[in-house]
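Q: Got a file for you: data-v6.cif, mmCIF, C-alpha atoms.
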data_work
#
loop_
_atom_site.group_PDB
_atom_site.id
_atom_site.type_symbol
_atom_site.label_atom_id
_atom_site.label_comp_id
_atom_site.auth_asym_id
_atom_site.auth_seq_id
_atom_site.Cartn_x
_atom_site.Cartn_y
_atom_site.Cartn_z
ATOM 1 C CA MET D 1 108.648 113.777 97.900
ATOM 2 C CA LEU D 2 111.667 112.642 95.832
ATOM 3 C CA ARG D 3 114.072 113.300 98.712
ATOM 4 C CA TYR D 4 111.804 111.428 101.114
ATOM 5 C CA SER D 5 111.596 108.458 98.718
ATOM 6 C CA LEU D 6 115.388 108.324 98.242
ATOM 7 C CA LYS D 7 115.987 108.233 101.989
ATOM 8 C CA ARG D 8 113.504 105.399 102.382
ATOM 9 C CA LEU D 9 115.096 103.549 99.449
ATOM 10 C CA ILE D 10 118.568 103.787 101.014
ATOM 11 C CA SER D 11 117.125 102.467 104.271
ATOM 12 C CA LEU D 12 115.577 99.562 102.348
ATOM 13 C CA ILE D 13 118.903 98.625 100.723
ATOM 14 C CA LEU D 14 120.784 98.742 104.035
ATOM 15 C CA SER D 15 118.090 96.635 105.710
ATOM 16 C CA LEU D 16 118.342 94.015 102.975
ATOM 17 C CA ALA D 17 122.131 93.880 103.295
ATOM 18 C CA VAL D 18 121.960 93.323 107.058
ATOM 19 C CA ALA D 19 119.138 90.783 106.649
ATOM 20 C CA SER D 20 121.134 88.748 104.118
ATOM 21 C CA LEU D 21 124.072 88.506 106.547
ATOM 22 C CA VAL D 22 121.878 87.457 109.455
ATOM 23 C CA ILE D 23 119.883 84.912 107.431
ATOM 24 C CA PHE D 24 122.910 83.256 105.852
ATOM 25 C CA PHE D 25 125.107 82.915 108.931
ATOM 26 C CA VAL D 26 122.306 81.991 111.363
ATOM 27 C CA ILE D 27 121.128 79.194 109.063
ATOM 28 C CA GLU D 28 124.694 78.063 108.362
ATOM 29 C CA ILE D 29 125.545 77.637 112.052
ATOM 30 C CA ALA D 30 122.392 75.624 112.703
ATOM 31 C CA PRO D 31 123.212 72.008 113.672
ATOM 32 C CA GLY D 32 123.060 69.290 111.040
ATOM 33 C CA ASP D 33 125.052 68.720 107.857
ATOM 34 C CA PRO D 34 122.974 68.539 104.634
ATOM 35 C CA ALA D 35 125.279 65.956 103.038
ATOM 36 C CA SER D 36 125.169 63.673 106.076
ATOM 37 C CA PHE D 37 121.414 64.066 106.285
ATOM 38 C CA MET D 38 120.920 63.172 102.615
ATOM 39 C CA LEU D 39 123.174 60.067 102.753
ATOM 40 C CA GLY D 40 122.042 58.778 106.127
ATOM 41 C CA ILE D 41 123.898 57.810 109.279
ATOM 42 C CA ASN D 42 125.564 54.754 107.696
ATOM 43 C CA ALA D 43 127.292 56.703 104.904
ATOM 44 C CA GLN D 44 131.065 56.454 104.592
ATOM 45 C CA PRO D 45 133.043 59.634 105.449
ATOM 46 C CA ASP D 46 134.629 59.819 101.996
ATOM 47 C CA THR D 47 131.192 59.587 100.381
ATOM 48 C CA VAL D 48 129.932 62.418 102.594
ATOM 49 C CA GLU D 49 132.946 64.555 101.696
ATOM 50 C CA ALA D 50 132.405 63.870 97.976
ATOM 51 C CA LEU D 51 128.789 65.010 98.239
ATOM 52 C CA ARG D 52 129.799 68.087 100.239
ATOM 53 C CA SER D 53 132.236 68.987 97.475
ATOM 54 C CA GLU D 54 129.581 68.415 94.817
ATOM 55 C CA LEU D 55 127.140 70.677 96.661
ATOM 56 C CA GLY D 56 129.793 73.332 97.259
ATOM 57 C CA LEU D 57 129.616 72.949 101.034
ATOM 58 C CA ASP D 58 133.399 72.596 101.343
ATOM 59 C CA VAL D 59 133.892 76.203 100.214
ATOM 60 C CA PRO D 60 134.523 78.784 102.998
ATOM 61 C CA LYS D 61 131.332 80.365 104.316
ATOM 62 C CA VAL D 62 132.313 83.921 103.358
ATOM 63 C CA GLU D 63 132.908 82.858 99.758
ATOM 64 C CA ARG D 64 129.608 80.975 99.702
ATOM 65 C CA TYR D 65 127.831 84.045 101.090
ATOM 66 C CA LEU D 66 129.273 86.328 98.422
ATOM 67 C CA THR D 67 128.392 83.801 95.697
ATOM 68 C CA TRP D 68 124.847 83.514 97.068
ATOM 69 C CA VAL D 69 124.302 87.279 97.226
ATOM 70 C CA GLY D 70 125.863 87.820 93.799
ATOM 71 C CA GLY D 71 123.615 85.148 92.328
ATOM 72 C CA MET D 72 120.504 86.704 93.878
ATOM 73 C CA LEU D 73 121.366 90.070 92.362
ATOM 74 C CA HIS D 74 121.278 88.336 88.960
ATOM 75 C CA GLY D 75 118.123 86.345 89.742
ATOM 76 C CA ASP D 76 119.979 83.079 90.487
ATOM 77 C CA PHE D 77 119.186 81.634 93.932
ATOM 78 C CA GLY D 78 121.300 78.531 93.449
ATOM 79 C CA THR D 79 120.317 74.867 93.110
ATOM 80 C CA SER D 80 118.343 72.839 95.631
ATOM 81 C CA TYR D 81 120.442 70.214 97.416
ATOM 82 C CA THR D 82 117.530 67.783 97.612
ATOM 83 C CA TYR D 83 115.693 68.235 94.314
ATOM 84 C CA ARG D 84 118.694 69.336 92.196
ATOM 85 C CA THR D 85 116.399 71.966 90.699
ATOM 86 C CA PRO D 86 117.086 75.709 90.416
ATOM 87 C CA VAL D 87 115.690 77.410 93.513
ATOM 88 C CA THR D 88 114.416 80.266 91.333
ATOM 89 C CA LYS D 89 112.135 77.851 89.477
ATOM 90 C CA MET D 90 110.863 76.297 92.709
ATOM 91 C CA VAL D 91 110.174 79.696 94.255
ATOM 92 C CA ALA D 92 108.414 80.975 91.118
ATOM 93 C CA GLU D 93 106.088 77.966 91.098
ATOM 94 C CA ARG D 94 105.220 78.353 94.775
ATOM 95 C CA LEU D 95 104.935 82.148 94.574
ATOM 96 C CA TRP D 96 102.036 81.798 92.136
ATOM 97 C CA VAL D 97 100.127 80.187 95.000
ATOM 98 C CA SER D 98 101.286 82.214 98.015
ATOM 99 C CA LEU D 99 101.076 85.676 96.444
ATOM 100 C CA PRO D 100 97.485 85.331 95.107
ATOM 101 C CA LEU D 101 96.477 83.765 98.434
ATOM 102 C CA ALA D 102 97.938 86.713 100.381
ATOM 103 C CA LEU D 103 96.312 89.279 98.078
ATOM 104 C CA TYR D 104 92.973 87.437 98.168
ATOM 105 C CA ALA D 105 93.039 87.249 101.972
ATOM 106 C CA LEU D 106 94.080 90.913 102.277
ATOM 107 C CA ALA D 107 91.265 92.004 99.945
ATOM 108 C CA LEU D 108 88.708 90.024 101.979
ATOM 109 C CA SER D 109 90.125 91.394 105.236
ATOM 110 C CA THR D 110 89.931 94.995 104.014
ATOM 111 C CA LEU D 111 86.438 94.614 102.548
ATOM 112 C CA ILE D 112 85.184 93.260 105.864
ATOM 113 C CA ALA D 113 87.140 95.513 108.234
ATOM 114 C CA PHE D 114 86.586 98.946 106.685
ATOM 115 C CA PRO D 115 82.767 98.934 106.777
ATOM 116 C CA ALA D 116 82.774 97.233 110.189
ATOM 117 C CA GLY D 117 85.206 99.718 111.731
ATOM 118 C CA ILE D 118 83.461 102.769 110.252
ATOM 119 C CA TYR D 119 80.048 101.428 111.310
ATOM 120 C CA ALA D 120 81.248 100.836 114.872
ATOM 121 C CA ALA D 121 82.865 104.288 115.141
ATOM 122 C CA ALA D 122 79.743 106.019 113.819
ATOM 123 C CA ARG D 123 77.640 104.241 116.458
ATOM 124 C CA ARG D 124 79.949 104.446 119.433
ATOM 125 C CA GLY D 125 78.387 102.980 122.573
ATOM 126 C CA LYS D 126 75.285 101.755 120.741
ATOM 127 C CA PRO D 127 74.238 98.122 120.196
ATOM 128 C CA GLY D 128 75.775 98.096 116.686
ATOM 129 C CA ASP D 129 79.153 99.148 118.077
ATOM 130 C CA MET D 130 79.033 96.526 120.813
ATOM 131 C CA ALA D 131 78.076 93.830 118.301
ATOM 132 C CA VAL D 132 81.016 94.674 116.048
ATOM 133 C CA MET D 133 83.447 94.800 118.964
ATOM 134 C CA GLY D 134 82.172 91.472 120.261
ATOM 135 C CA ALA D 135 82.589 89.883 116.847
ATOM 136 C CA THR D 136 86.102 91.270 116.450
ATOM 137 C CA GLN D 137 87.083 90.037 119.918
ATOM 138 C CA LEU D 138 85.940 86.578 118.907
ATOM 139 C CA GLY D 139 87.845 86.850 115.626
ATOM 140 C CA VAL D 140 91.062 87.759 117.421
ATOM 141 C CA ALA D 141 90.673 84.950 119.961
ATOM 142 C CA ILE D 142 89.987 82.050 117.564
ATOM 143 C CA PRO D 143 93.168 80.358 116.225
ATOM 144 C CA ASN D 144 93.175 80.482 112.436
ATOM 145 C CA PHE D 145 94.241 76.831 112.069
ATOM 146 C CA TRP D 146 91.191 75.724 114.124
ATOM 147 C CA PHE D 147 88.985 78.023 112.075
ATOM 148 C CA ALA D 148 90.510 76.549 108.896
ATOM 149 C CA MET D 149 89.640 73.018 110.018
ATOM 150 C CA MET D 150 86.066 74.109 110.795
ATOM 151 C CA LEU D 151 85.781 75.585 107.302
ATOM 152 C CA VAL D 152 86.959 72.281 105.822
ATOM 153 C CA LEU D 153 84.489 70.337 107.976
ATOM 154 C CA ILE D 154 81.509 72.537 107.067
ATOM 155 C CA PHE D 155 82.096 73.645 103.483
ATOM 156 C CA ALA D 156 84.247 70.819 102.112
ATOM 157 C CA ILE D 157 83.085 67.677 103.919
ATOM 158 C CA ASN D 158 79.451 68.440 104.798
ATOM 159 C CA LEU D 159 78.292 70.865 102.091
ATOM 160 C CA ARG D 160 80.915 69.863 99.485
ATOM 161 C CA TRP D 161 81.060 73.364 98.043
ATOM 162 C CA PHE D 162 84.867 73.356 98.057
ATOM 163 C CA GLY D 163 87.687 70.836 97.979
ATOM 164 C CA ALA D 164 89.221 69.803 101.297
ATOM 165 C CA GLY D 165 92.705 70.715 100.128
ATOM 166 C CA GLY D 166 95.136 71.024 97.258
ATOM 167 C CA PHE D 167 95.392 73.586 94.498
ATOM 168 C CA ALA D 168 93.703 73.153 91.106
ATOM 169 C CA GLY D 169 96.328 75.193 89.280
ATOM 170 C CA TRP D 170 96.005 78.344 87.205
ATOM 171 C CA ASN D 171 96.219 76.300 84.009
ATOM 172 C CA LYS D 172 92.670 75.130 84.692
ATOM 173 C CA GLY D 173 91.401 78.688 84.654
ATOM 174 C CA PHE D 174 91.296 81.745 86.878
ATOM 175 C CA TRP D 175 88.073 80.806 88.667
ATOM 176 C CA ALA D 176 89.276 77.270 89.342
ATOM 177 C CA GLY D 177 92.362 78.704 91.035
ATOM 178 C CA ILE D 178 90.348 81.244 93.023
ATOM 179 C CA HIS D 179 87.907 78.512 94.063
ATOM 180 C CA SER D 180 90.817 76.468 95.456
ATOM 181 C CA LEU D 181 92.118 79.453 97.430
ATOM 182 C CA THR D 182 88.774 80.654 98.829
ATOM 183 C CA LEU D 183 88.658 78.629 102.059
ATOM 184 C CA PRO D 184 92.349 79.272 102.880
ATOM 185 C CA ALA D 185 91.854 82.977 102.145
ATOM 186 C CA ILE D 186 88.832 83.156 104.456
ATOM 187 C CA ALA D 187 90.733 81.321 107.193
ATOM 188 C CA LEU D 188 93.538 83.875 106.921
ATOM 189 C CA ALA D 189 91.341 86.945 106.375
ATOM 190 C CA LEU D 190 88.795 86.849 109.192
ATOM 191 C CA PRO D 191 91.255 87.045 112.127
ATOM 192 C CA GLN D 192 93.127 89.832 110.322
ATOM 193 C CA ALA D 193 89.839 91.621 109.563
ATOM 194 C CA ALA D 194 89.020 91.602 113.273
ATOM 195 C CA ILE D 195 92.310 93.345 114.087
ATOM 196 C CA LEU D 196 91.972 95.847 111.247
ATOM 197 C CA ALA D 197 88.367 96.715 112.175
ATOM 198 C CA ARG D 198 89.374 97.489 115.760
ATOM 199 C CA VAL D 199 92.260 99.689 114.580
ATOM 200 C CA MET D 200 89.948 101.482 112.117
ATOM 201 C CA ARG D 201 87.376 102.158 114.834
ATOM 202 C CA SER D 202 89.991 103.379 117.324
ATOM 203 C CA ALA D 203 91.651 105.673 114.763
ATOM 204 C CA LEU D 204 88.314 107.147 113.709
ATOM 205 C CA LEU D 205 87.248 107.809 117.291
ATOM 206 C CA ASP D 206 90.509 109.661 117.932
ATOM 207 C CA ILE D 207 89.979 111.804 114.832
ATOM 208 C CA LEU D 208 86.324 112.507 115.635
ATOM 209 C CA GLY D 209 87.429 114.171 118.884
ATOM 210 C CA GLU D 210 89.803 116.606 117.155
ATOM 211 C CA ASP D 211 89.128 120.349 116.934
ATOM 212 C CA PHE D 212 88.978 120.406 113.124
ATOM 213 C CA MET D 213 86.146 117.864 113.221
ATOM 214 C CA ARG D 214 84.144 120.096 115.555
ATOM 215 C CA THR D 215 84.856 122.997 113.203
ATOM 216 C CA ALA D 216 83.569 120.944 110.268
ATOM 217 C CA ARG D 217 80.387 120.175 112.189
ATOM 218 C CA ALA D 218 80.002 123.852 113.137
ATOM 219 C CA LYS D 219 80.158 124.772 109.441
ATOM 220 C CA GLY D 220 77.060 122.715 108.800
ATOM 221 C CA LEU D 221 78.340 119.252 107.912
ATOM 222 C CA SER D 222 76.362 116.371 109.316
ATOM 223 C CA ARG D 223 78.136 113.758 111.421
ATOM 224 C CA ARG D 224 78.074 111.332 108.477
ATOM 225 C CA GLN D 225 79.477 113.935 106.057
ATOM 226 C CA ALA D 226 82.253 114.933 108.454
ATOM 227 C CA LEU D 227 83.080 111.271 109.002
ATOM 228 C CA TRP D 228 83.447 110.454 105.301
ATOM 229 C CA ARG D 229 85.000 113.735 104.113
ATOM 230 C CA HIS D 230 87.543 114.293 106.869
ATOM 231 C CA ALA D 231 87.790 111.540 109.484
ATOM 232 C CA VAL D 232 88.338 108.512 107.242
ATOM 233 C CA ARG D 233 91.222 110.119 105.327
ATOM 234 C CA ASN D 234 92.987 111.290 108.476
ATOM 235 C CA ALA D 235 92.555 107.901 110.151
ATOM 236 C CA MET D 236 94.341 106.061 107.348
ATOM 237 C CA ILE D 237 97.921 106.285 108.668
ATOM 238 C CA PRO D 238 97.563 103.675 111.470
ATOM 239 C CA VAL D 239 95.289 101.640 109.203
ATOM 240 C CA LEU D 240 97.904 101.611 106.422
ATOM 241 C CA THR D 241 100.468 100.414 108.966
ATOM 242 C CA ILE D 242 98.304 97.448 109.892
ATOM 243 C CA ILE D 243 97.520 96.649 106.241
ATOM 244 C CA GLY D 244 101.235 96.607 105.414
ATOM 245 C CA LEU D 245 102.010 94.352 108.368
ATOM 246 C CA GLN D 246 99.099 92.084 107.529
ATOM 247 C CA PHE D 247 100.210 91.590 103.937
ATOM 248 C CA SER D 248 103.684 90.695 105.146
ATOM 249 C CA PHE D 249 102.210 88.219 107.612
ATOM 250 C CA LEU D 250 99.845 86.720 105.050
ATOM 251 C CA LEU D 251 102.680 86.189 102.581
ATOM 252 C CA ALA D 252 105.343 84.986 104.997
ATOM 253 C CA GLY D 253 103.353 83.486 107.837
ATOM 254 C CA ALA D 254 100.733 81.322 106.142
ATOM 255 C CA ILE D 255 102.685 78.095 106.650
ATOM 256 C CA ILE D 256 100.094 76.565 109.010
ATOM 257 C CA ILE D 257 97.193 77.307 106.678
ATOM 258 C CA GLU D 258 99.158 75.955 103.718
ATOM 259 C CA GLN D 259 99.757 72.776 105.699
ATOM 260 C CA VAL D 260 96.070 72.442 106.631
ATOM 261 C CA PHE D 261 94.946 72.841 103.017
ATOM 262 C CA TYR D 262 97.979 71.106 101.425
ATOM 263 C CA LEU D 263 98.738 74.172 99.328
ATOM 264 C CA PRO D 264 102.057 74.140 97.437
ATOM 265 C CA GLY D 265 103.054 77.624 98.593
ATOM 266 C CA LEU D 266 106.214 79.252 99.925
ATOM 267 C CA GLY D 267 105.421 78.447 103.543
ATOM 268 C CA ARG D 268 105.108 74.747 102.828
ATOM 269 C CA LEU D 269 108.278 74.881 100.723
ATOM 270 C CA VAL D 270 110.229 76.333 103.672
ATOM 271 C CA PHE D 271 108.810 73.685 105.996
ATOM 272 C CA GLN D 272 109.852 70.898 103.632
ATOM 273 C CA ALA D 273 113.291 72.448 103.066
ATOM 274 C CA ILE D 274 113.958 72.724 106.811
ATOM 275 C CA SER D 275 112.937 69.095 107.270
ATOM 276 C CA ALA D 276 115.359 68.042 104.504
ATOM 277 C CA ARG D 277 118.177 70.401 105.619
ATOM 278 C CA ASP D 278 118.042 72.005 102.177
ATOM 279 C CA LEU D 279 119.835 75.147 103.370
ATOM 280 C CA ILE D 280 120.038 76.963 100.040
ATOM 281 C CA VAL D 281 116.245 76.766 99.644
ATOM 282 C CA VAL D 282 115.638 77.942 103.218
ATOM 283 C CA GLU D 283 118.050 80.861 102.868
ATOM 284 C CA SER D 284 116.678 81.970 99.509
ATOM 285 C CA VAL D 285 112.997 81.730 100.411
ATOM 286 C CA VAL D 286 113.485 83.471 103.767
ATOM 287 C CA MET D 287 115.469 86.222 102.029
ATOM 288 C CA LEU D 288 112.692 86.629 99.480
ATOM 289 C CA LEU D 289 110.094 86.896 102.240
ATOM 290 C CA VAL D 290 112.233 89.424 104.116
ATOM 291 C CA PHE D 291 112.510 91.439 100.913
ATOM 292 C CA ALA D 292 108.724 91.347 100.565
ATOM 293 C CA VAL D 293 108.268 92.585 104.157
ATOM 294 C CA ILE D 294 110.799 95.416 103.749
ATOM 295 C CA ALA D 295 109.424 96.396 100.334
ATOM 296 C CA VAL D 296 105.878 96.524 101.693
ATOM 297 C CA ASN D 297 107.034 98.740 104.565
ATOM 298 C CA PHE D 298 108.748 100.979 101.999
ATOM 299 C CA LEU D 299 105.502 101.295 100.048
ATOM 300 C CA VAL D 300 103.593 101.986 103.267
ATOM 301 C CA ASP D 301 106.032 104.810 104.071
ATOM 302 C CA LEU D 302 105.353 106.301 100.628
ATOM 303 C CA ALA D 303 101.628 105.943 101.231
ATOM 304 C CA TYR D 304 102.072 107.792 104.553
ATOM 305 C CA ALA D 305 103.674 110.692 102.724
ATOM 306 C CA ALA D 306 100.880 110.730 100.157
ATOM 307 C CA VAL D 307 98.190 110.758 102.858
ATOM 308 C CA ASP D 308 99.976 113.185 105.218
ATOM 309 C CA PRO D 309 102.298 115.691 103.421
ATOM 310 C CA ARG D 310 103.644 116.831 106.817
ATOM 311 C CA LEU D 311 105.760 113.679 106.973
ATOM 312 C CA ARG D 312 107.687 114.771 103.853
ATOM 313 C CA GLN D 313 108.527 118.096 105.488
ATOM 314 C CA ARG D 314 110.014 116.426 108.586
ATOM 315 C CA THR D 315 112.609 114.424 106.629
#
Written as structure tokens, that's how I'd like the structure from this file.

A:
Amino acid sequence: MLRYSLKRLISLILSLAVASLVIFFVIEIAPGDPASFMLGINAQPDTVEALRSELGLDVPKVERYLTWVGGMLHGDFGTSYTYRTPVTKMVAERLWVSLPLALYALALSTLIAFPAGIYAAARRGKPGDMAVMGATQLGVAIPNFWFAMMLVLIFAINLRWFGAGGFAGWNKGFWAGIHSLTLPAIALALPQAAILARVMRSALLDILGEDFMRTARAKGLSRRQALWRHAVRNAMIPVLTIIGLQFSFLLAGAIIIEQVFYLPGLGRLVFQAISARDLIVVESVVMLLVFAVIAVNFLVDLAYAAVDPRLRQRT
């Protein structure tokens, strides 16, 4: 297990190194100069050059890249061009919204998908199975931003159970923060739950047709006992893959939902930074999100090895 983990860790480090190069140089070659954008089209050239020097934009790109990477290794992501605030502070503030939202949505997705997928697999071809598959097809088809607006219309405007947007803040208490994140979490979770339930059902049906499942039934286990004792555990590898991908998506791809609900999260921060040509913020936040995706995949690989020891023997 240690050898397997070390190989995956080396792969993670190499992936991060390549990602940092791609992120920095792709964003740097994008059209538009931050200094010119900040000063406007009527700014004098010498004023623009003075601001570029102040922001460190006149330094060669390779030197700026090495400074950026070295700072990140020490927890320093630089200073925002627009807000003149340390990027680390800005990211930390937004992370306390995006990370709980992603975890909340993932928990809701898993709590809905696991029972639904197991129920559908246990009743293959029966009305219960068809009902679950119909519901999941609908969940996959509905755009989450439209679903988010319907949630606002029903539960915020008509019933007034929740606020239409904004974040109360954790300083007002845990439940106040969770209450603010509930509608966004539901909007993110239900489409993901539909995907996860279908994967869970498909994986279970594949396992139920294996020889060892027939052997378990021949030894006297009921279909329900064989399902819970053997099938669910062996079906977890594809399910863990989807859970890992979903968490990465929920953390990095919730920008639309954050815009709908006016949540001050990482997605909205990236959107605002792109609009303002605040390159250092864009680079740092994207790198952080890439790190989260790669780290989650690393943890999923370790979970694979824990669930299926045969994977450790192949590496």

Q: Padding 3 Å on every side, please: axis-aligned box over the listed atoms of segment 82-95 of chain D, centre and edge lengths to one decimal in Å, as lines of an AutoDock Vina configuration file.

A:
center_x = 111.8
center_y = 75.0
center_z = 93.5
size_x = 19.8
size_y = 20.4
size_z = 14.1

Q: Please report, as JSON lines, each residue of segment 80-177 of chain D lying at most 10 Å from segment 50-68 of chain D, together with the nearest pair of atoms and the separation in Å rounded to one decimal; use only C-alpha atoms, and order rows by chain and ascending residue number.

A:
{"residue": "D:Ser80", "atom": "CA", "partner": "D:Leu55", "partner_atom": "CA", "distance": 9.1}
{"residue": "D:Tyr81", "atom": "CA", "partner": "D:Leu55", "partner_atom": "CA", "distance": 6.8}
{"residue": "D:Arg84", "atom": "CA", "partner": "D:Leu55", "partner_atom": "CA", "distance": 9.6}

Q: Any idea what the distance is between atom CA of Ala35 of chain D and atom CA of Ile280 of chain D?

A: 12.6 Å

Q: Identify which of the residues D:Gly40, D:Gly244, D:Gly163, D:Pro45 lies closest to Ile178 of chain D, counting all atoms listed in the file when measuring atom-to-atom distances.

A: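 So, comparing all the options, the nearest one is D:Gly163.
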
Q: Could you tell me, as a PyMOL selection string, exactly which residues end up selected when the PyMOL selection byres ((chain D and resi 180-192) around 8) is applied to this structure?

A: chain D and resi 101-102+104-106+108-109+136+139-140+142+144-145+147-148+151-152+162-163+165-168+176-179+193-196+246+250+254+257-258+261

Q: Restricted to C-alpha atoms, what would the selected residues look like written as a PDB file, in the coordinates of the input?

A:
ATOM      1  CA  LEU D 101      96.477  83.765  98.434  1.00  0.00           C
ATOM      2  CA  ALA D 102      97.938  86.713 100.381  1.00  0.00           C
ATOM      3  CA  TYR D 104      92.973  87.437  98.168  1.00  0.00           C
ATOM      4  CA  ALA D 105      93.039  87.249 101.972  1.00  0.00           C
ATOM      5  CA  LEU D 106      94.080  90.913 102.277  1.00  0.00           C
ATOM      6  CA  LEU D 108      88.708  90.024 101.979  1.00  0.00           C
ATOM      7  CA  SER D 109      90.125  91.394 105.236  1.00  0.00           C
ATOM      8  CA  THR D 136      86.102  91.270 116.450  1.00  0.00           C
ATOM      9  CA  GLY D 139      87.845  86.850 115.626  1.00  0.00           C
ATOM     10  CA  VAL D 140      91.062  87.759 117.421  1.00  0.00           C
ATOM     11  CA  ILE D 142      89.987  82.050 117.564  1.00  0.00           C
ATOM     12  CA  ASN D 144      93.175  80.482 112.436  1.00  0.00           C
ATOM     13  CA  PHE D 145      94.241  76.831 112.069  1.00  0.00           C
ATOM     14  CA  PHE D 147      88.985  78.023 112.075  1.00  0.00           C
ATOM     15  CA  ALA D 148      90.510  76.549 108.896  1.00  0.00           C
ATOM     16  CA  LEU D 151      85.781  75.585 107.302  1.00  0.00           C
ATOM     17  CA  VAL D 152      86.959  72.281 105.822  1.00  0.00           C
ATOM     18  CA  PHE D 162      84.867  73.356  98.057  1.00  0.00           C
ATOM     19  CA  GLY D 163      87.687  70.836  97.979  1.00  0.00           C
ATOM     20  CA  GLY D 165      92.705  70.715 100.128  1.00  0.00           C
ATOM     21  CA  GLY D 166      95.136  71.024  97.258  1.00  0.00           C
ATOM     22  CA  PHE D 167      95.392  73.586  94.498  1.00  0.00           C
ATOM     23  CA  ALA D 168      93.703  73.153  91.106  1.00  0.00           C
ATOM     24  CA  ALA D 176      89.276  77.270  89.342  1.00  0.00           C
ATOM     25  CA  GLY D 177      92.362  78.704  91.035  1.00  0.00           C
ATOM     26  CA  ILE D 178      90.348  81.244  93.023  1.00  0.00           C
ATOM     27  CA  HIS D 179      87.907  78.512  94.063  1.00  0.00           C
ATOM     28  CA  ALA D 193      89.839  91.621 109.563  1.00  0.00           C
ATOM     29  CA  ALA D 194      89.020  91.602 113.273  1.00  0.00           C
ATOM     30  CA  ILE D 195      92.310  93.345 114.087  1.00  0.00           C
ATOM     31  CA  LEU D 196      91.972  95.847 111.247  1.00  0.00           C
ATOM     32  CA  GLN D 246      99.099  92.084 107.529  1.00  0.00           C
ATOM     33  CA  LEU D 250      99.845  86.720 105.050  1.00  0.00           C
ATOM     34  CA  ALA D 254     100.733  81.322 106.142  1.00  0.00           C
ATOM     35  CA  ILE D 257      97.193  77.307 106.678  1.00  0.00           C
ATOM     36  CA  GLU D 258      99.158  75.955 103.718  1.00  0.00           C
ATOM     37  CA  PHE D 261      94.946  72.841 103.017  1.00  0.00           C
TER      38      PHE D 261
END

Q: Interatomic distance between atom CA of Val97 of chain D and atom CA of Ile154 of chain D?

A: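 That distance, rounded to one decimal, is 23.5 Å.
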
Q: Grab the atom CA of Leu251 of chain D to atom CA of Ala92 of chain D distance for me, in Å with one decimal place.

A: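 These two atoms are separated by 13.8 Å.
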
Q: Go through D:Leu12, D:Gly125, D:Leu288, D:Leu245 and flag the residue nearest Leu73 of chain D, using only C-alpha atoms for the distances.

A: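 Using only C-alpha atoms, the shortest distance to Leu73 of chain D belongs to D:Leu288.
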
Q: Given all atoms listed in the file as the basis, pick out the residue of D:Phe37, D:Arg124, D:Thr85, D:Ile256 nearest to Asp206 of chain D.

A: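 Smallest separation from Asp206 of chain D among the options: D:Arg124.
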
Q: Counting all atoms listed in the file, figure out which residue out of D:Glu93, D:Glu283, D:Asp278, D:Asp46 gets nearest to Ile27 of chain D.

A: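 Of all the options, D:Glu283 lies closest to Ile27 of chain D.
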
Q: Got a sec to check which residues sit within 10 Å of (119.3, 75.1, 102.2), counting all atoms listed in the file, and write them as a list in words?

A: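 Final list of nearby residues, as requested, is Phe24, Ile27, Glu28, Pro34, Gly78, Thr79, Ser80, Tyr81, Thr82, Val87, Val270, Ala273, Ile274, Ala276, Arg277, Asp278, Leu279, Ile280, Val281, Val282, Glu283, Ser284 and Val285 of chain D.
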
Q: Export, as an mmCIF file, in the frame of the given file, the selected residues with C-alpha atoms.

A:
data_model
loop_
_atom_site.group_PDB
_atom_site.id
_atom_site.type_symbol
_atom_site.label_atom_id
_atom_site.label_comp_id
_atom_site.auth_asym_id
_atom_site.auth_seq_id
_atom_site.Cartn_x
_atom_site.Cartn_y
_atom_site.Cartn_z
ATOM 1 C CA PHE D 24 122.910 83.256 105.852
ATOM 2 C CA ILE D 27 121.128 79.194 109.063
ATOM 3 C CA GLU D 28 124.694 78.063 108.362
ATOM 4 C CA PRO D 34 122.974 68.539 104.634
ATOM 5 C CA GLY D 78 121.300 78.531 93.449
ATOM 6 C CA THR D 79 120.317 74.867 93.110
ATOM 7 C CA SER D 80 118.343 72.839 95.631
ATOM 8 C CA TYR D 81 120.442 70.214 97.416
ATOM 9 C CA THR D 82 117.530 67.783 97.612
ATOM 10 C CA VAL D 87 115.690 77.410 93.513
ATOM 11 C CA VAL D 270 110.229 76.333 103.672
ATOM 12 C CA ALA D 273 113.291 72.448 103.066
ATOM 13 C CA ILE D 274 113.958 72.724 106.811
ATOM 14 C CA ALA D 276 115.359 68.042 104.504
ATOM 15 C CA ARG D 277 118.177 70.401 105.619
ATOM 16 C CA ASP D 278 118.042 72.005 102.177
ATOM 17 C CA LEU D 279 119.835 75.147 103.370
ATOM 18 C CA ILE D 280 120.038 76.963 100.040
ATOM 19 C CA VAL D 281 116.245 76.766 99.644
ATOM 20 C CA VAL D 282 115.638 77.942 103.218
ATOM 21 C CA GLU D 283 118.050 80.861 102.868
ATOM 22 C CA SER D 284 116.678 81.970 99.509
ATOM 23 C CA VAL D 285 112.997 81.730 100.411
#

Q: What would the selection look like, as a list in words, if the PyMOL selection byres ((chain D and resi 235) around 10) were run on the coordinates I just shared?

A: Val199, Met200, Arg201, Ser202, Ala203, Leu204, Leu205, Asp206, Ile207, Leu208, His230, Ala231, Val232, Arg233, Asn234, Met236, Ile237, Pro238, Val239, Leu240 and Val307 of chain D

Q: Any chance you could work out the residue set of the PyMOL selection byres ((chain D and resi 9) around 12) here, as number ranges by chain?

A: D: 2-8, 10-16, 294-299, 301-302
